[in-house]
>>> print(open('entry-v6.txt').read())   # compact mmCIF, C-alpha atoms
# COMPACT_ATOMS: atom_id res chain seq x y z
CA MET S 282 -3.40 -1.24 18.34
CA ASN S 283 -6.40 -3.56 17.94
CA GLU S 284 -8.78 -0.71 18.80
CA LEU S 285 -7.79 0.84 15.48
CA LEU S 286 -8.94 -2.18 13.50
CA VAL S 287 -12.28 -2.53 11.72
CA PRO S 288 -14.43 -4.74 13.98
CA ASP S 289 -15.00 -8.30 12.76
CA ARG S 290 -12.52 -7.91 9.88
CA GLU S 291 -9.83 -10.58 9.75
CA CYS S 292 -7.00 -11.32 7.32
CA GLY S 293 -8.51 -14.68 6.43
CA PRO S 294 -6.38 -16.44 3.82
CA CYS S 295 -4.60 -13.19 2.83
CA THR S 296 -0.83 -13.29 3.47
CA VAL S 297 0.27 -10.43 1.20
CA CYS S 298 2.03 -8.59 4.03
CA CYS S 299 4.11 -11.73 4.65
CA THR S 300 5.71 -11.23 1.23
CA VAL S 301 5.73 -7.56 0.20
CA HIS S 302 7.49 -6.05 3.22
CA VAL S 303 11.14 -5.84 4.05
CA ILE S 304 11.62 -6.80 7.69
CA ILE S 305 14.72 -5.76 9.54
CA ASP S 306 14.18 -6.98 13.07
CA PRO S 307 16.58 -8.91 15.33
CA GLU S 308 13.96 -11.67 15.47
CA LEU S 309 13.36 -11.82 11.71
CA ARG S 310 15.21 -10.49 8.67
CA LYS S 311 13.36 -10.76 5.40
CA PRO S 312 13.93 -8.99 2.08
CA PRO S 313 11.02 -7.51 0.13
CA GLY S 314 9.23 -9.79 -2.29
CA VAL S 315 10.32 -12.92 -0.45
CA THR S 316 7.69 -14.86 1.48
CA CYS S 317 8.45 -15.16 5.18
CA PRO S 318 9.59 -18.69 6.10
CA HIS S 319 6.85 -18.78 8.77
CA CYS S 320 4.04 -18.03 6.30
CA ARG S 321 1.69 -20.88 5.48
CA SER S 322 -0.39 -20.37 2.34
CA GLY S 323 -4.09 -20.14 3.15
CA SER S 324 -3.60 -20.22 6.92
CA GLY S 325 -1.19 -17.40 7.73
CA CYS S 326 1.63 -17.26 10.21
CA ALA S 327 2.88 -20.51 11.74
CA ILE S 328 4.32 -18.58 14.70
CA TYR S 329 1.43 -16.11 15.04
CA ASP S 330 1.35 -16.07 18.85
CA ALA S 331 5.13 -15.64 19.03
CA ARG S 332 5.65 -13.51 15.91
CA PRO S 333 8.17 -10.62 16.06
CA ARG S 334 7.08 -7.21 17.33
CA THR S 335 7.42 -5.79 13.81
CA CYS S 336 4.74 -8.17 12.55
CA ARG S 337 2.63 -7.92 15.71
CA GLY S 338 2.18 -4.18 15.29
CA HIS S 339 1.55 -4.08 11.55
CA PHE S 340 -1.84 -4.15 9.85
CA CYS S 341 -2.62 -3.13 6.30
CA ALA S 342 -5.03 -0.22 5.80
CA TRP S 343 -7.75 -2.63 4.64
CA ARG S 344 -7.84 -3.88 8.25
CA GLN S 345 -7.93 -0.28 9.54
CA LEU S 346 -10.25 1.62 7.19
CA ALA S 347 -13.93 0.65 7.04
CA GLN S 348 -14.20 2.64 3.78
CA LEU S 349 -12.25 -0.14 2.05
CA ASP S 350 -14.85 -2.88 1.62
CA GLU S 351 -14.21 -6.64 1.37
CA SER S 352 -13.37 -6.36 -2.33
CA TRP S 353 -10.23 -4.34 -1.43
CA ARG S 354 -8.69 -7.15 0.65
CA PRO S 355 -5.15 -7.29 -0.82
CA ASP S 356 -5.24 -10.88 -2.06
CA LEU S 357 -8.58 -10.22 -3.80
CA SER S 358 -7.85 -6.78 -5.28
CA ASN S 359 -4.13 -6.91 -6.14
CA VAL S 360 -3.84 -3.61 -4.24
CA TYR S 361 -2.13 -3.23 -0.85
CA PHE S 362 -3.06 -0.11 1.15
CA GLU S 363 -0.82 0.96 4.00
CA LEU S 364 -1.34 3.87 6.39
CA LYS S 365 1.79 5.88 6.99
CA SER S 366 1.43 7.75 10.28
CA ASP S 367 4.53 9.77 9.56
CA PRO S 368 4.90 10.36 5.83
CA PRO S 369 8.56 10.32 4.76
CA GLU S 370 10.38 13.63 5.10
CA HIS S 371 10.82 14.02 1.35
CA TYR S 372 6.99 14.14 1.05
CA ARG S 373 6.32 16.22 4.17
CA HIS S 374 6.96 19.54 2.40
CA VAL S 375 4.01 18.95 0.04
CA LEU S 376 1.34 18.57 2.76
CA PRO S 377 3.01 19.59 6.04
CA GLN S 378 -0.21 19.48 8.10
CA ALA S 379 -1.29 15.99 6.99
CA PRO S 380 -1.57 13.69 10.03
CA PHE S 381 -1.00 10.59 7.91
CA GLY S 382 -0.41 9.40 4.38
CA LEU S 383 -1.58 6.42 2.39
CA ARG S 384 0.78 4.19 0.44
CA ILE S 385 -0.92 2.19 -2.30
CA MET S 386 1.09 -0.71 -3.70
CA LEU S 387 -0.03 -2.35 -6.91
CA LEU S 388 0.71 -6.06 -6.67
CA GLY S 389 -0.07 -7.00 -10.27
CA ASP S 390 -2.48 -6.33 -13.09
CA LEU S 391 -5.79 -4.70 -12.26
CA ASP S 392 -8.96 -5.14 -14.28
CA THR S 393 -10.50 -2.00 -15.77
CA ALA S 394 -13.24 -1.74 -13.13
CA ARG S 395 -10.72 -2.03 -10.24
CA LEU S 396 -8.42 0.53 -11.86
CA GLY S 397 -11.36 2.93 -12.23
CA LYS S 398 -12.33 2.48 -8.55
CA LEU S 399 -8.72 3.06 -7.54
CA ALA S 400 -8.54 6.25 -9.62
CA LEU S 401 -11.71 7.60 -7.94
CA THR S 402 -10.43 6.63 -4.48
CA VAL S 403 -7.13 8.42 -5.13
CA ALA S 404 -8.98 11.53 -6.41
CA ALA S 405 -10.98 11.74 -3.16
CA LEU S 406 -7.85 11.30 -1.04
CA VAL S 407 -5.89 13.94 -2.99
CA GLU S 408 -8.82 16.35 -2.83
CA ASN S 409 -8.94 15.84 0.97
CA GLN S 410 -5.23 16.66 1.38
CA VAL S 411 -4.13 13.10 2.20
CA PRO S 412 -0.64 12.34 0.87
CA VAL S 413 -0.97 9.42 -1.55
CA ILE S 414 2.10 7.43 -2.53
CA LEU S 415 1.75 5.00 -5.43
CA ALA S 416 4.16 2.07 -5.31
CA LEU S 417 4.71 -1.09 -7.29
CA ALA S 418 5.61 -4.55 -6.11
CA ALA S 419 9.01 -5.52 -7.45
CA PRO S 420 11.03 -8.69 -8.00
CA GLU S 421 12.46 -10.46 -4.95
CA HIS S 422 15.12 -8.48 -3.05
CA HIS S 423 14.01 -5.22 -4.71
CA LEU S 424 11.91 -2.21 -3.80
CA GLY S 425 9.56 -1.08 -6.54
CA GLY S 426 9.29 2.47 -7.75
CA SER S 427 7.12 4.89 -5.80
CA LEU S 428 5.66 8.27 -6.60
CA LEU S 429 3.85 10.94 -4.59
CA LEU S 430 0.63 11.53 -6.55
CA ASN S 431 -0.66 14.74 -4.93
CA PRO S 432 1.32 17.34 -6.90
CA LEU S 433 0.54 15.56 -10.18
CA LEU S 434 -3.18 15.02 -9.59
CA LYS S 435 -4.32 17.92 -7.37
CA PRO S 436 -5.06 20.30 -10.30
CA PHE S 437 -7.53 17.76 -11.74
CA ALA S 438 -8.87 15.84 -8.72
CA ALA S 439 -11.90 18.02 -7.93
CA GLU S 440 -13.56 17.49 -11.30
CA CYS S 441 -12.31 13.92 -11.67
CA GLY S 442 -13.00 14.08 -15.40
CA ALA S 443 -11.02 13.22 -18.51
CA ALA S 444 -8.07 15.45 -17.56
CA TYR S 445 -7.81 13.74 -14.18
CA MET S 446 -7.97 10.26 -15.69
CA GLU S 447 -5.27 11.24 -18.18
CA ALA S 448 -3.06 12.58 -15.36
CA PHE S 449 -3.71 9.42 -13.31
CA ALA S 450 -2.77 7.19 -16.26
CA LYS S 451 0.40 9.24 -16.84
CA ALA S 452 1.38 8.95 -13.13
CA LEU S 453 0.76 5.21 -13.24
CA HIS S 454 2.90 4.90 -16.39
CA THR S 455 5.68 6.99 -14.79
CA CYS S 456 5.68 4.80 -11.67
CA MET S 457 5.74 1.62 -13.75
CA ASN S 458 8.82 2.85 -15.57
CA LEU S 459 10.83 3.63 -12.43
CA PRO S 460 13.54 0.98 -12.04
CA PRO S 461 13.33 -1.27 -8.98
CA GLN S 462 16.08 -0.82 -6.41
CA LYS S 463 18.03 -3.79 -5.12
CA ILE S 464 18.09 -4.02 -1.34
CA ALA S 465 20.23 -6.20 0.90
CA VAL S 466 18.88 -7.27 4.28
>>> encode(input="entry-v6.txt", output="structure tokens")
Amino acid sequence: MNELLVPDRECGPCTVCCTVHVIIDPELRKPPGVTCPHCRSGSGCAIYDARPRTCRGHFCAWRQLAQLDESWRPDLSNVYFELKSDPPEHYRHVLPQAPFGLRIMLLGDLDTARLGKLALTVAALVENQVPVILALAAPEHHLGGSLLLNPLLKPFAAECGAAYMEAFAKALHTCMNLPPQKIAV
């Protein structure tokens, strides 16, 4: 798996993945939004060399995509990108030939410049037939709402003008108003 990582790019003090994910593994069970008991702020995993297979094989898309520069590191940007090698079946019908999808989780408020960069990034992905799923971080023990953006943004993505930005804002608003779902682990 390490051959798929951007060379010389490390997590550093970022531990976002230690909190946002639900982990259902015999070695570790952790609900979403709850920080793993092995996570140490600023230094990462206390059991890194012996961490569960689930954690060992997971890397955020910032670690995998050179196109996402240092400013997109999740703890710096408030945005968590995750490659989905097999987009969920209920999205597969939209882009059946797509080899992967990209899930973008908003972790909190974004400044105007970051939101604009995100909108342009999503437009390029949609235009290139990459399934893009927008998701929101939710309270502890909950999954946030998520929304496939492609059908909503495809008609406007090529021009990326005012109509696209309006559609992007509407999709963001829709996602923000989806109720979080309680999950038991």
>>> closest_atom_pairs(input="entry-v6.txt", of="stretch 318-391 of chain S", to="stretch 297-305 of chain S", cutoff="12 Å", atoms="only C-alpha atoms", output="Markdown table")
| residue | atom | partner | partner_atom | distance |
| --- | --- | --- | --- | --- |
| S:Pro318 | CA | S:Cys299 | CA | 9.0 |
| S:His319 | CA | S:Cys299 | CA | 8.6 |
| S:Cys320 | CA | S:Cys299 | CA | 6.5 |
| S:Arg321 | CA | S:Cys299 | CA | 9.5 |
| S:Ser322 | CA | S:Cys299 | CA | 10.0 |
| S:Gly323 | CA | S:Val297 | CA | 10.8 |
| S:Ser324 | CA | S:Cys299 | CA | 11.7 |
| S:Gly325 | CA | S:Cys299 | CA | 8.4 |
| S:Cys326 | CA | S:Cys299 | CA | 8.2 |
| S:Ala327 | CA | S:Cys299 | CA | 11.4 |
| S:Tyr329 | CA | S:Cys299 | CA | 11.6 |
| S:Arg332 | CA | S:Cys299 | CA | 11.5 |
| S:Pro333 | CA | S:Ile304 | CA | 9.8 |
| S:Arg334 | CA | S:Ile304 | CA | 10.7 |
| S:Thr335 | CA | S:Ile304 | CA | 7.5 |
| S:Cys336 | CA | S:Ile304 | CA | 8.5 |
| S:Arg337 | CA | S:Cys298 | CA | 11.7 |
| S:His339 | CA | S:Cys298 | CA | 8.8 |
| S:Phe340 | CA | S:Cys298 | CA | 8.3 |
| S:Cys341 | CA | S:Cys298 | CA | 7.5 |
| S:Ala342 | CA | S:Cys298 | CA | 11.1 |
| S:Trp343 | CA | S:Cys298 | CA | 11.5 |
| S:Arg344 | CA | S:Cys298 | CA | 11.7 |
| S:Arg354 | CA | S:Val297 | CA | 9.6 |
| S:Pro355 | CA | S:Val297 | CA | 6.6 |
| S:Asp356 | CA | S:Val297 | CA | 6.4 |
| S:Leu357 | CA | S:Val297 | CA | 10.2 |
| S:Ser358 | CA | S:Val297 | CA | 11.0 |
| S:Asn359 | CA | S:Val297 | CA | 9.3 |
| S:Val360 | CA | S:Val297 | CA | 9.6 |
| S:Tyr361 | CA | S:Val297 | CA | 7.9 |
| S:Phe362 | CA | S:Cys298 | CA | 10.3 |
| S:Glu363 | CA | S:Cys298 | CA | 10.0 |
| S:Met386 | CA | S:Val301 | CA | 9.1 |
| S:Leu387 | CA | S:Val301 | CA | 10.5 |
| S:Leu388 | CA | S:Val301 | CA | 8.6 |
| S:Gly389 | CA | S:Val297 | CA | 12.0 |
>>> write_last_selection(input="entry-v6.txt", atoms="C-alpha atoms", output="CSV table (one decimal), in the frame of the given file")
chain,number,residue,atom,x,y,z
S,318,PRO,CA,9.6,-18.7,6.1
S,319,HIS,CA,6.8,-18.8,8.8
S,320,CYS,CA,4.0,-18.0,6.3
S,321,ARG,CA,1.7,-20.9,5.5
S,322,SER,CA,-0.4,-20.4,2.3
S,323,GLY,CA,-4.1,-20.1,3.2
S,324,SER,CA,-3.6,-20.2,6.9
S,325,GLY,CA,-1.2,-17.4,7.7
S,326,CYS,CA,1.6,-17.3,10.2
S,327,ALA,CA,2.9,-20.5,11.7
S,329,TYR,CA,1.4,-16.1,15.0
S,332,ARG,CA,5.6,-13.5,15.9
S,333,PRO,CA,8.2,-10.6,16.1
S,334,ARG,CA,7.1,-7.2,17.3
S,335,THR,CA,7.4,-5.8,13.8
S,336,CYS,CA,4.7,-8.2,12.6
S,337,ARG,CA,2.6,-7.9,15.7
S,339,HIS,CA,1.6,-4.1,11.6
S,340,PHE,CA,-1.8,-4.2,9.8
S,341,CYS,CA,-2.6,-3.1,6.3
S,342,ALA,CA,-5.0,-0.2,5.8
S,343,TRP,CA,-7.8,-2.6,4.6
S,344,ARG,CA,-7.8,-3.9,8.2
S,354,ARG,CA,-8.7,-7.2,0.6
S,355,PRO,CA,-5.2,-7.3,-0.8
S,356,ASP,CA,-5.2,-10.9,-2.1
S,357,LEU,CA,-8.6,-10.2,-3.8
S,358,SER,CA,-7.8,-6.8,-5.3
S,359,ASN,CA,-4.1,-6.9,-6.1
S,360,VAL,CA,-3.8,-3.6,-4.2
S,361,TYR,CA,-2.1,-3.2,-0.8
S,362,PHE,CA,-3.1,-0.1,1.2
S,363,GLU,CA,-0.8,1.0,4.0
S,386,MET,CA,1.1,-0.7,-3.7
S,387,LEU,CA,0.0,-2.4,-6.9
S,388,LEU,CA,0.7,-6.1,-6.7
S,389,GLY,CA,-0.1,-7.0,-10.3
>>> residues_around(input="entry-v6.txt", residues="stretch 378-385 of chain S", least_positions_apart="4", cutoff="12 Å", atoms="only C-alpha atoms", output="ChimeraX atom specification")
/S:341-343,345-346,353,355,358-370,372-374,399-400,402-403,406-407,409-418,425-431,453,456
>>> residues_near_point(input="entry-v6.txt", point="(-14.7, 12.6, -12.3)", cutoff="12 Å", atoms="all atoms listed in the file", output="ChimeraX atom specification")
/S:397-398,400-405,408,437-447,449
>>> write_last_selection(input="entry-v6.txt", atoms="C-alpha atoms", output="PDB file, keeping the file's coordinate frame")
ATOM      1  CA  GLY S 397     -11.360   2.930 -12.230  1.00  0.00           C
ATOM      2  CA  LYS S 398     -12.330   2.480  -8.550  1.00  0.00           C
ATOM      3  CA  ALA S 400      -8.540   6.250  -9.620  1.00  0.00           C
ATOM      4  CA  LEU S 401     -11.710   7.600  -7.940  1.00  0.00           C
ATOM      5  CA  THR S 402     -10.430   6.630  -4.480  1.00  0.00           C
ATOM      6  CA  VAL S 403      -7.130   8.420  -5.130  1.00  0.00           C
ATOM      7  CA  ALA S 404      -8.980  11.530  -6.410  1.00  0.00           C
ATOM      8  CA  ALA S 405     -10.980  11.740  -3.160  1.00  0.00           C
ATOM      9  CA  GLU S 408      -8.820  16.350  -2.830  1.00  0.00           C
ATOM     10  CA  PHE S 437      -7.530  17.760 -11.740  1.00  0.00           C
ATOM     11  CA  ALA S 438      -8.870  15.840  -8.720  1.00  0.00           C
ATOM     12  CA  ALA S 439     -11.900  18.020  -7.930  1.00  0.00           C
ATOM     13  CA  GLU S 440     -13.560  17.490 -11.300  1.00  0.00           C
ATOM     14  CA  CYS S 441     -12.310  13.920 -11.670  1.00  0.00           C
ATOM     15  CA  GLY S 442     -13.000  14.080 -15.400  1.00  0.00           C
ATOM     16  CA  ALA S 443     -11.020  13.220 -18.510  1.00  0.00           C
ATOM     17  CA  ALA S 444      -8.070  15.450 -17.560  1.00  0.00           C
ATOM     18  CA  TYR S 445      -7.810  13.740 -14.180  1.00  0.00           C
ATOM     19  CA  MET S 446      -7.970  10.260 -15.690  1.00  0.00           C
ATOM     20  CA  GLU S 447      -5.270  11.240 -18.180  1.00  0.00           C
ATOM     21  CA  PHE S 449      -3.710   9.420 -13.310  1.00  0.00           C
TER      22      PHE S 449
END
>>> build_atoms(input="entry-v6.txt", residues="stretch 397-430 of chain S", atoms="N, CA and C atoms", output="compact mmCIF listing (two decimals), in the frame of the given file")
# COMPACT_ATOMS: atom_id res chain seq x y z
N GLY S 397 -10.47 1.77 -12.30
CA GLY S 397 -11.36 2.93 -12.23
C GLY S 397 -11.72 3.28 -10.79
N LYS S 398 -12.02 2.25 -9.97
CA LYS S 398 -12.33 2.48 -8.55
C LYS S 398 -11.12 3.06 -7.83
N LEU S 399 -9.94 2.55 -8.16
CA LEU S 399 -8.72 3.06 -7.54
C LEU S 399 -8.52 4.52 -7.91
N ALA S 400 -8.71 4.87 -9.17
CA ALA S 400 -8.54 6.25 -9.62
C ALA S 400 -9.48 7.18 -8.86
N LEU S 401 -10.74 6.78 -8.68
CA LEU S 401 -11.71 7.60 -7.94
C LEU S 401 -11.33 7.70 -6.46
N THR S 402 -10.85 6.62 -5.88
CA THR S 402 -10.43 6.63 -4.48
C THR S 402 -9.26 7.59 -4.30
N VAL S 403 -8.29 7.53 -5.20
CA VAL S 403 -7.13 8.42 -5.13
C VAL S 403 -7.57 9.87 -5.29
N ALA S 404 -8.49 10.16 -6.21
CA ALA S 404 -8.98 11.53 -6.41
C ALA S 404 -9.56 12.09 -5.11
N ALA S 405 -10.37 11.29 -4.41
CA ALA S 405 -10.98 11.74 -3.16
C ALA S 405 -9.91 12.00 -2.10
N LEU S 406 -8.92 11.13 -2.02
CA LEU S 406 -7.85 11.30 -1.04
C LEU S 406 -7.04 12.57 -1.34
N VAL S 407 -6.67 12.76 -2.59
CA VAL S 407 -5.89 13.94 -2.99
C VAL S 407 -6.69 15.21 -2.71
N GLU S 408 -7.96 15.19 -3.05
CA GLU S 408 -8.82 16.35 -2.83
C GLU S 408 -8.94 16.68 -1.33
N ASN S 409 -8.85 15.65 -0.48
CA ASN S 409 -8.94 15.84 0.97
C ASN S 409 -7.58 16.00 1.64
N GLN S 410 -6.57 16.33 0.86
CA GLN S 410 -5.23 16.66 1.38
C GLN S 410 -4.52 15.50 2.07
N VAL S 411 -4.83 14.27 1.66
CA VAL S 411 -4.13 13.10 2.20
C VAL S 411 -2.98 12.77 1.25
N PRO S 412 -1.74 12.74 1.74
CA PRO S 412 -0.64 12.34 0.87
C PRO S 412 -0.85 10.91 0.37
N VAL S 413 -0.76 10.73 -0.94
CA VAL S 413 -0.97 9.42 -1.55
C VAL S 413 0.30 9.03 -2.30
N ILE S 414 0.87 7.93 -1.90
CA ILE S 414 2.10 7.43 -2.53
C ILE S 414 1.73 6.17 -3.30
N LEU S 415 1.98 6.18 -4.59
CA LEU S 415 1.75 5.00 -5.43
C LEU S 415 3.05 4.22 -5.49
N ALA S 416 2.97 2.92 -5.27
CA ALA S 416 4.16 2.07 -5.31
C ALA S 416 3.84 0.81 -6.09
N LEU S 417 4.87 0.16 -6.56
CA LEU S 417 4.71 -1.09 -7.29
C LEU S 417 5.47 -2.20 -6.59
N ALA S 418 4.88 -3.38 -6.58
CA ALA S 418 5.61 -4.55 -6.11
C ALA S 418 6.75 -4.79 -7.10
N ALA S 419 7.83 -5.32 -6.61
CA ALA S 419 9.01 -5.52 -7.45
C ALA S 419 9.49 -6.96 -7.32
N PRO S 420 10.48 -7.34 -8.13
CA PRO S 420 11.03 -8.69 -8.00
C PRO S 420 11.64 -8.89 -6.61
N GLU S 421 11.84 -10.14 -6.24
CA GLU S 421 12.46 -10.46 -4.95
C GLU S 421 13.72 -9.63 -4.73
N HIS S 422 13.93 -9.23 -3.47
CA HIS S 422 15.12 -8.48 -3.05
C HIS S 422 15.18 -7.07 -3.64
N HIS S 423 14.06 -6.56 -4.13
CA HIS S 423 14.01 -5.22 -4.71
C HIS S 423 12.84 -4.43 -4.14
N LEU S 424 13.01 -3.12 -4.09
CA LEU S 424 11.91 -2.21 -3.80
C LEU S 424 11.42 -1.66 -5.13
N GLY S 425 10.12 -1.62 -5.31
CA GLY S 425 9.56 -1.08 -6.54
C GLY S 425 9.57 0.44 -6.51
N GLY S 426 9.36 1.03 -7.66
CA GLY S 426 9.29 2.47 -7.75
C GLY S 426 8.12 3.00 -6.95
N SER S 427 8.24 4.25 -6.49
CA SER S 427 7.12 4.89 -5.80
C SER S 427 7.08 6.36 -6.18
N LEU S 428 5.88 6.91 -6.10
CA LEU S 428 5.66 8.27 -6.60
C LEU S 428 4.58 8.94 -5.77
N LEU S 429 4.86 10.15 -5.28
CA LEU S 429 3.85 10.94 -4.59
C LEU S 429 2.89 11.49 -5.64
N LEU S 430 1.61 11.17 -5.52
CA LEU S 430 0.63 11.53 -6.55
C LEU S 430 0.05 12.94 -6.39
